[in-house]
Amino acid sequence: MPDLLQIGGITDDMRTRLEAAFTIHQLDNFKPDEITHVITNGHDGLNADLMASLTNLQAVSAYGVGYDAIDANAAAARGIKVTHTPNVLNQEVATTAVLLYLACYRELLRDDAYARSGDWESSGASALTRSADNQTIGILGLGRIGQAIADKLAPWNPTIVYHTRTKKDVAYTYYDNLVDMARDCDVVICITPGGASTNKIVNAEVMNALGPKGTLINVSRGSVVDEAAMIDALSTGKLGWAGLDVFEGEPHVPPALRALSNTVLLPHVGSATVETRAAMGDLTVDNLLQHLKDGTVISAVPECAHL
Ligand code: A2R
C-alpha cells in the first residue's frame, strides 16, 4: 500500500477509510523517500523543509479551506497536487460570523453573566444594548464564505459593502480602499485567506476609521488583523467591539484581550460542528482516494488547478 504521512489529528471515520488504502505514518516514524501522500490541516500545514525532504511526494490533502501554512506554489512547481475543502464549510463559518456579530451587538456574554449572577433580582434590569438591525456591514474578502455571510445576514436588513483586490460581479458597493470602507461601516467582517498579501491589513488606521462605535469581526486568520493595534484600539475606545474566532498566535489568546469586556472570543471554531467537520473529513479523504485511483483530485487549490 502507498505511504501516507499524517500531520495533525484526523477523525476515526477518516482513519478507517484511509487505512483501507494507505499505510499511515506519524511524524515520529516515517522514511521521507517512501511518502507519496500527506494529510494535514490548515493550522499544521506542511513546512517547506519537510516538503523538500519528501522526494516522492505526489499529493497533499488539507482538512480546511485555508492553506496558508502550505507553500502551494512550491508544491505546484514540483507537480505536487495540493487540495483543500472549499464550499462544504461556507454555511458554518457564516453562522459563526453572524453569531459573533449578534453577540457583540446584543451583549450576549454580559447579559448571560447578569442573569446568572443574580444581579437582575438585586439590581434591576440590565443596561440597554444596540440593535443589530439596519447596519452597514463591510465584508473584507467577498469570496465563497464572504458571500454566504452576506446572505445569512439578510434578515437583519444590512447594507452590504465589500473590499477585495478585484471588483466582483455583485450588486454591493465596492471599495478599492479598505480604510475608506471602514470609515463608512458600522461593522467590518474579515474573511480573506491568510498569508503575505493579507498580513495585518486590518491595521490601526483601519480600526481608527471603523471607530468607537464600530465592530470588528474576524473569522479568517489571526494574521489578517494587527492584534497589538487592536488591543490598543479596544482598550482606549478607538474601536468599539471585536468578535474574534482567530488569533495571531493561537491557541494563545493574549491576556490583555481576554480581560476586555468589549470582546467576544471563540477558540477557532468557525467550521467546528459535527456535521460540517464530517463533510470536510469526507472531502479530505475523497481527494486522496481519487488521486490513488486515477491521479486526479476533486478540489485542488488554485495554484495546483492546472496540474
Ligand atoms: O482579492 P480577490 O479579488 O482575489 O478576492 C478574494 C479576497 N482576497 C483579498 N481581499 C483583499 N485583499 C487581499 N490581499 C485579498 N486576498 C484575497 O478574499 C476573495 O474575494 C476572498 C477569498 O475568497 P475564496 O477564495 O472564495 O475563499 P473562501 O472559501 O471564502 O475562504 C476564505 C478564508 C480561507 O482562506 C480561510 O482562511 C478562512 O476563510 O476560513
# chains A, B, ... in the order shown; residues from 1 in each chain; ligands from 1
>>> residues_near_ligand(ligand="ligand 1", cutoff="7 Å", atoms="only C-alpha atoms and all ligand atoms", output="VMD selection string")
chain A and resid 65 to 67 86 to 87 90 140 to 146 163 to 167 191 to 194 197 to 198 219 to 221
>>> residues_around(residues="Asp232 in chain A", least_positions_apart="3", cutoff="12 Å", atoms="only C-alpha atoms", output="ChimeraX atom specification")
/A:203-204,207-208,226-229,235-240,256-257,260
>>> residues_around(residues="range 2-7 of chain A", least_positions_apart="6", cutoff="8 Å", atoms="only C-alpha atoms", output="PyMOL selection string")
chain A and resi 21-27+30+34-41+44-46
>>> atom_distance(atom1="CA of Gly195 in chain A", atom2="CA of Ser223 in chain A")
7.5 Å
>>> select_by_dssp(residues="range 45-273 of chain A", states="helix (DSSP H, G or I)", output="count of residues only")
88
>>> atom_distance(atom1="CA of Pro158 in chain A", atom2="CA of Leu102 in chain A")
12.7 Å
>>> atom_distance(atom1="CA of Asp13 in chain A", atom2="CA of Arg277 in chain A")
10.9 Å
>>> residues_around(residues="range 289-292 of chain A", least_positions_apart="3", cutoff="12 Å", atoms="only C-alpha atoms", output="number ranges by chain")
A: 1-4, 14, 17-22, 36-39, 58-61, 80-83, 282-286, 295-300
>>> closest_residue(among="A:Met51, A:Val170, A:Leu216, A:Val253", to="Ala76 in chain A", atoms="only C-alpha atoms")
A:Met51
>>> residues_around(residues="range 171-177 of chain A", least_positions_apart="3", cutoff="12 Å", atoms="only C-alpha atoms", output="short mmCIF file (atom, residue, chain, number, x, y, z; two decimals) with N, CA, C and O atoms, in the first residue's frame")
data_model
loop_
_atom_site.label_atom_id
_atom_site.label_comp_id
_atom_site.auth_asym_id
_atom_site.auth_seq_id
_atom_site.Cartn_x
_atom_site.Cartn_y
_atom_site.Cartn_z
N THR A 136 -24.56 49.08 8.37
CA THR A 136 -23.71 48.98 7.17
C THR A 136 -22.55 48.05 7.49
O THR A 136 -21.76 48.32 8.41
N ILE A 137 -22.50 46.96 6.75
CA ILE A 137 -21.53 45.90 7.06
C ILE A 137 -20.58 45.72 5.89
O ILE A 137 -20.99 45.45 4.76
N GLY A 138 -19.29 45.90 6.15
CA GLY A 138 -18.25 45.74 5.14
C GLY A 138 -17.64 44.36 5.22
O GLY A 138 -17.14 43.96 6.27
N ILE A 139 -17.67 43.65 4.10
CA ILE A 139 -17.07 42.31 4.07
C ILE A 139 -15.69 42.44 3.44
O ILE A 139 -15.57 42.87 2.27
N LEU A 140 -14.68 42.10 4.21
CA LEU A 140 -13.31 42.11 3.71
C LEU A 140 -13.01 40.71 3.18
O LEU A 140 -12.76 39.79 3.96
N GLY A 141 -13.12 40.53 1.84
CA GLY A 141 -12.93 39.20 1.23
C GLY A 141 -14.27 38.60 0.84
O GLY A 141 -14.80 37.75 1.54
N LEU A 142 -14.83 39.08 -0.28
CA LEU A 142 -16.16 38.58 -0.68
C LEU A 142 -15.99 37.38 -1.61
O LEU A 142 -16.26 37.45 -2.80
N GLN A 147 -19.62 35.68 0.69
CA GLN A 147 -20.97 35.76 0.10
C GLN A 147 -21.99 35.05 1.00
O GLN A 147 -23.12 35.54 1.18
N ALA A 150 -22.85 37.38 3.78
CA ALA A 150 -23.78 38.43 3.31
C ALA A 150 -25.20 37.87 3.22
O ALA A 150 -26.16 38.50 3.66
N ASP A 151 -25.34 36.67 2.67
CA ASP A 151 -26.67 36.06 2.52
C ASP A 151 -27.29 35.78 3.89
O ASP A 151 -28.48 36.03 4.11
N PRO A 158 -29.13 44.47 6.45
CA PRO A 158 -27.92 45.30 6.38
C PRO A 158 -27.77 45.96 5.02
O PRO A 158 -28.39 45.55 4.04
N THR A 159 -26.92 47.00 4.97
CA THR A 159 -26.36 47.47 3.70
C THR A 159 -24.98 46.81 3.59
O THR A 159 -24.10 47.09 4.42
N ILE A 160 -24.84 45.95 2.61
CA ILE A 160 -23.56 45.22 2.47
C ILE A 160 -22.65 45.97 1.50
O ILE A 160 -23.08 46.38 0.40
N VAL A 161 -21.41 46.17 1.90
CA VAL A 161 -20.37 46.70 1.02
C VAL A 161 -19.18 45.77 1.13
O VAL A 161 -19.15 44.90 2.01
N TYR A 162 -18.17 45.90 0.27
CA TYR A 162 -17.05 44.95 0.37
C TYR A 162 -15.76 45.53 -0.17
O TYR A 162 -15.75 46.48 -0.97
N HIS A 163 -14.66 44.91 0.29
CA HIS A 163 -13.33 45.22 -0.25
C HIS A 163 -12.64 43.91 -0.61
O HIS A 163 -12.57 42.99 0.20
N THR A 164 -12.16 43.84 -1.83
CA THR A 164 -11.31 42.74 -2.31
C THR A 164 -10.29 43.39 -3.23
O THR A 164 -10.38 44.59 -3.51
N ARG A 165 -9.34 42.61 -3.77
CA ARG A 165 -8.38 43.21 -4.70
C ARG A 165 -9.02 43.48 -6.05
O ARG A 165 -8.65 44.44 -6.72
N THR A 166 -9.96 42.63 -6.43
CA THR A 166 -10.63 42.82 -7.72
C THR A 166 -12.13 42.92 -7.50
O THR A 166 -12.71 42.19 -6.69
N LYS A 167 -12.76 43.85 -8.24
CA LYS A 167 -14.21 44.07 -8.12
C LYS A 167 -14.96 42.81 -8.58
O LYS A 167 -14.57 42.18 -9.56
N LYS A 168 -16.02 42.48 -7.85
CA LYS A 168 -16.80 41.28 -8.20
C LYS A 168 -18.08 41.69 -8.92
O LYS A 168 -18.52 42.83 -8.82
N ASP A 180 -11.14 53.48 3.52
CA ASP A 180 -12.36 54.19 3.08
C ASP A 180 -13.61 53.36 3.41
O ASP A 180 -14.62 53.89 3.86
N MET A 181 -13.52 52.05 3.19
CA MET A 181 -14.68 51.20 3.50
C MET A 181 -14.96 51.23 5.02
O MET A 181 -16.11 51.42 5.43
N ALA A 182 -13.90 51.08 5.81
CA ALA A 182 -14.09 51.03 7.26
C ALA A 182 -14.73 52.31 7.78
O ALA A 182 -15.58 52.30 8.68
N ARG A 183 -14.35 53.44 7.19
CA ARG A 183 -14.89 54.74 7.61
C ARG A 183 -16.40 54.80 7.40
O ARG A 183 -17.13 55.41 8.18
N ASP A 184 -16.87 54.13 6.36
CA ASP A 184 -18.30 54.17 6.02
C ASP A 184 -19.11 53.06 6.69
O ASP A 184 -20.32 52.96 6.47
N CYS A 185 -18.44 52.19 7.47
CA CYS A 185 -19.12 50.99 8.00
C CYS A 185 -19.37 51.06 9.51
O CYS A 185 -18.62 51.69 10.25
N ILE A 201 -3.52 43.46 7.34
CA ILE A 201 -4.14 44.53 6.52
C ILE A 201 -5.18 45.29 7.33
O ILE A 201 -5.48 46.44 7.01
N VAL A 202 -5.71 44.67 8.37
CA VAL A 202 -6.55 45.44 9.29
C VAL A 202 -5.60 46.01 10.35
O VAL A 202 -5.28 45.38 11.35
N GLU A 205 -4.90 52.12 11.33
CA GLU A 205 -5.62 53.10 10.52
C GLU A 205 -7.02 52.59 10.16
O GLU A 205 -8.01 53.34 10.22
N VAL A 206 -7.11 51.32 9.83
CA VAL A 206 -8.42 50.73 9.50
C VAL A 206 -9.32 50.74 10.74
O VAL A 206 -10.50 51.10 10.66
N ALA A 209 -10.55 54.14 11.58
CA ALA A 209 -11.60 54.53 10.64
C ALA A 209 -12.93 53.88 11.00
O ALA A 209 -13.99 54.49 10.87
#
>>> select_by_dssp(residues="range 58-91 of chain A", states="strand (DSSP E or B)", output="number ranges by chain")
A: 59-63, 70, 81-83
>>> write_last_selection(atoms="all heavy atoms", output="short mmCIF file (atom, residue, chain, number, x, y, z; two decimals), in the first residue's frame")
data_model
loop_
_atom_site.label_atom_id
_atom_site.label_comp_id
_atom_site.auth_asym_id
_atom_site.auth_seq_id
_atom_site.Cartn_x
_atom_site.Cartn_y
_atom_site.Cartn_z
N ALA A 59 0.84 14.16 -3.64
CA ALA A 59 -0.37 14.91 -3.31
C ALA A 59 -0.41 15.23 -1.81
O ALA A 59 0.04 14.44 -0.98
CB ALA A 59 -1.62 14.12 -3.71
N VAL A 60 -0.96 16.40 -1.51
CA VAL A 60 -1.15 16.85 -0.12
C VAL A 60 -2.62 17.23 0.03
O VAL A 60 -3.12 18.09 -0.71
CB VAL A 60 -0.29 18.10 0.18
CG1 VAL A 60 -0.51 18.58 1.61
CG2 VAL A 60 1.19 17.83 -0.08
N SER A 61 -3.30 16.60 0.97
CA SER A 61 -4.71 16.90 1.18
C SER A 61 -4.88 17.62 2.51
O SER A 61 -4.53 17.07 3.57
CB SER A 61 -5.53 15.60 1.16
OG SER A 61 -6.91 15.90 1.25
N ALA A 62 -5.42 18.83 2.46
CA ALA A 62 -5.58 19.64 3.68
C ALA A 62 -7.04 19.67 4.11
O ALA A 62 -7.94 19.90 3.28
CB ALA A 62 -5.07 21.05 3.44
N TYR A 63 -7.24 19.44 5.40
CA TYR A 63 -8.56 19.42 6.03
C TYR A 63 -8.86 20.86 6.44
O TYR A 63 -8.39 21.33 7.45
CB TYR A 63 -8.44 18.47 7.21
CG TYR A 63 -9.57 18.27 8.17
CD1 TYR A 63 -10.75 17.64 7.79
CD2 TYR A 63 -9.43 18.64 9.51
CE1 TYR A 63 -11.75 17.40 8.71
CE2 TYR A 63 -10.43 18.40 10.44
CZ TYR A 63 -11.60 17.78 10.02
OH TYR A 63 -12.58 17.54 10.94
N ILE A 70 0.85 25.97 3.88
CA ILE A 70 1.46 25.08 2.87
C ILE A 70 1.92 25.97 1.72
O ILE A 70 1.15 26.80 1.24
CB ILE A 70 0.42 24.07 2.32
CG1 ILE A 70 -0.20 23.25 3.45
CG2 ILE A 70 1.05 23.16 1.27
CD1 ILE A 70 -1.41 22.42 3.02
N LYS A 81 0.14 17.88 -6.17
CA LYS A 81 -1.22 18.43 -6.11
C LYS A 81 -1.61 18.68 -4.66
O LYS A 81 -1.63 17.77 -3.84
CB LYS A 81 -2.20 17.45 -6.75
CG LYS A 81 -1.95 17.33 -8.24
CD LYS A 81 -2.91 16.39 -8.93
CE LYS A 81 -2.54 16.36 -10.41
NZ LYS A 81 -3.32 15.42 -11.18
N VAL A 82 -1.94 19.94 -4.36
CA VAL A 82 -2.43 20.30 -3.02
C VAL A 82 -3.95 20.48 -3.12
O VAL A 82 -4.43 21.17 -4.03
CB VAL A 82 -1.78 21.60 -2.52
CG1 VAL A 82 -2.33 21.99 -1.15
CG2 VAL A 82 -0.26 21.45 -2.46
N THR A 83 -4.68 19.86 -2.20
CA THR A 83 -6.14 20.01 -2.19
C THR A 83 -6.59 20.59 -0.85
O THR A 83 -5.87 20.52 0.15
CB THR A 83 -6.85 18.66 -2.41
OG1 THR A 83 -6.61 17.81 -1.28
CG2 THR A 83 -6.38 17.98 -3.68
#
>>> closest_residue(among="A:Leu99, A:Val269, A:Cys190, A:Ala242", to="Pro212 in chain A", atoms="only C-alpha atoms")
A:Ala242
>>> closest_residue(among="A:Trp120, A:Tyr114, A:Tyr101, A:Trp156", to="Asn134 in chain A", atoms="only C-alpha atoms")
A:Trp156
>>> closest_residue(among="A:Val98, A:Glu121, A:Val179, A:Ile10", to="Pro155 in chain A", atoms="only C-alpha atoms")
A:Val98
>>> closest_residue(among="A:Ser261, A:Thr276, A:Thr95, A:Asn29", to="Asp111 in chain A", atoms="only C-alpha atoms")
A:Ser261
